[in-house]
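See structure below.
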Amino acid sequence: MPLIHDEPADTLSGHRAVRPDGNGAIPSTHPDRSTREMAEAMFARHVRERTFAQGAQEMDRLAARFPTHERFHLLAMRLHDRSEGRLAALTGWSRLAEQFPHCSEAFVIVVRTVLRTTGGEAARAIIEARFPDGAPAHVGAGVGGSG
């Protein structure tokens with residue numbers, strides 16, 4: 001079973017988000033400081049109030065407005081993870097790790113989840129695909145072998 005699906009989605013989590021402008025266009029601009037601060041406050045509020053599903057929907061809409069802004073997608077996935085559970089959110093984490101290769105949090109979550117649910121060989125395959133010339137010692141340590 002592939003971890004990363006090819007079907008189109010408006011957000012990395014795979015959930016459809018409503019377009020803010022109503023015409024389906026995705027602005028390619030980066031968020032300004034006030035938008036970034038608002039997103040952080042929104043995330044913190046939903047965590048504090050334990051309204052994870054509602055927060056995930058709101059963050060998905062924001063991530064859809066700024067598709068190249070990694071932080072909004074990361075915050076959305078953290079909320080989906082808490083709302084739906086790690087296993088249900090795995091596809092979204094995989095998409096996040098693929099779209100933003102420098103997002104180590106997403107990559108580590110994918111590897112750990114696959115290790116726990118599928119086993120060391122599958123986790124090692126993900127690491128080897130990410131690091132074809134050899135994984136750094138700390139990345140592969142303890143995964144399906146003598147590392």
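If you're wondering about the labels, chains in the structure tokens are A, B, ... by order shown, residues count from 1 in each chain, ligands from 1 in order shown.
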Within 8 Å of stretch 82-89 of chain A, counting only C-alpha atoms, which residues show up once you throw out same-chain ones fewer than 2 positions away? Write them as a PDB file with N, CA and C atoms, in the first residue's frame, please.
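Everything below was put into out.pdb:
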```
ATOM      1  N   SER A  13      -3.349  17.469   3.913  1.00  0.00           N
ATOM      2  CA  SER A  13      -4.052  16.461   4.686  1.00  0.00           C
ATOM      3  C   SER A  13      -5.049  15.686   3.836  1.00  0.00           C
ATOM      4  N   PHE A  52      -9.966  20.289  18.069  1.00  0.00           N
ATOM      5  CA  PHE A  52      -9.003  19.919  17.034  1.00  0.00           C
ATOM      6  C   PHE A  52      -9.616  19.839  15.638  1.00  0.00           C
ATOM      7  N   ALA A  53     -10.784  19.233  15.505  1.00  0.00           N
ATOM      8  CA  ALA A  53     -11.403  19.079  14.184  1.00  0.00           C
ATOM      9  C   ALA A  53     -11.758  20.440  13.585  1.00  0.00           C
ATOM     10  N   ALA A  56      -8.580  22.130  12.590  1.00  0.00           N
ATOM     11  CA  ALA A  56      -8.004  21.550  11.371  1.00  0.00           C
ATOM     12  C   ALA A  56      -8.698  22.122  10.140  1.00  0.00           C
ATOM     13  N   MET A  77      -1.718  19.805   9.979  1.00  0.00           N
ATOM     14  CA  MET A  77      -1.500  18.372  10.213  1.00  0.00           C
ATOM     15  C   MET A  77      -1.434  18.046  11.694  1.00  0.00           C
ATOM     16  N   ARG A  78      -0.869  18.914  12.492  1.00  0.00           N
ATOM     17  CA  ARG A  78      -0.862  18.677  13.939  1.00  0.00           C
ATOM     18  C   ARG A  78      -2.293  18.601  14.477  1.00  0.00           C
ATOM     19  N   LEU A  79      -3.167  19.461  13.956  1.00  0.00           N
ATOM     20  CA  LEU A  79      -4.559  19.434  14.394  1.00  0.00           C
ATOM     21  C   LEU A  79      -5.285  18.199  13.865  1.00  0.00           C
ATOM     22  N   HIS A  80      -5.035  17.827  12.610  1.00  0.00           N
ATOM     23  CA  HIS A  80      -5.638  16.604  12.081  1.00  0.00           C
ATOM     24  C   HIS A  80      -5.164  15.392  12.883  1.00  0.00           C
ATOM     25  N   THR A  91      -1.492   9.704   5.818  1.00  0.00           N
ATOM     26  CA  THR A  91      -1.417  10.148   4.424  1.00  0.00           C
ATOM     27  C   THR A  91      -1.089  11.631   4.346  1.00  0.00           C
ATOM     28  N   GLY A  92      -1.709  12.421   5.193  1.00  0.00           N
ATOM     29  CA  GLY A  92      -1.408  13.851   5.215  1.00  0.00           C
ATOM     30  C   GLY A  92       0.016  14.137   5.635  1.00  0.00           C
ATOM     31  N   TRP A  93       0.502  13.416   6.638  1.00  0.00           N
ATOM     32  CA  TRP A  93       1.899  13.576   7.055  1.00  0.00           C
ATOM     33  C   TRP A  93       2.836  13.202   5.916  1.00  0.00           C
ATOM     34  N   THR A 113       5.581   6.101  12.540  1.00  0.00           N
ATOM     35  CA  THR A 113       4.269   5.468  12.409  1.00  0.00           C
ATOM     36  C   THR A 113       4.366   4.192  11.586  1.00  0.00           C
TER      37      THR A 113
END
```
| message | Need the shell around stretch 100-109 of chain A: protein/DNA/RNA residues with any atom at most 9 Å away, counting only C-alpha atoms. Skip same-chain ones fewer than 2 positions apart. Format as a list in words? | response | Thr68, Glu70, Leu74, Met77, Arg86, Leu90, Trp93, Ser94, Arg95, Leu96, Ala97, Glu98, Val111, Arg112, Thr113, Val114, Ile127, Arg130 and Val139 of chain A
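Pairwise distance (atom CA of A:Arg71, atom CA of A:Gly120) equals 29.3 Å.
Shortest separation to A:Phe66 among A:Arg36, A:Arg50, A:Arg45, A:His30 occurs at residue A:His30, atoms counted being only C-alpha atoms.
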note - atom CA of A:Pro31 and atom CA of A:Leu62 are separated by 9.5 Å
Notebook entry, point to check: Running DSSP on the backbone, which parts of stretch 7-136 of chain A land in alpha helix (DSSP H), as an MDAnalysis selection string?
Noted result: chainID A and resid 33:49 52:65 70:84 86:99 104:117 120:130
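For the atom pair formed by atom CA of A:Arg33 and atom CA of A:Phe72, the distance is 12.8 Å, given to one decimal.
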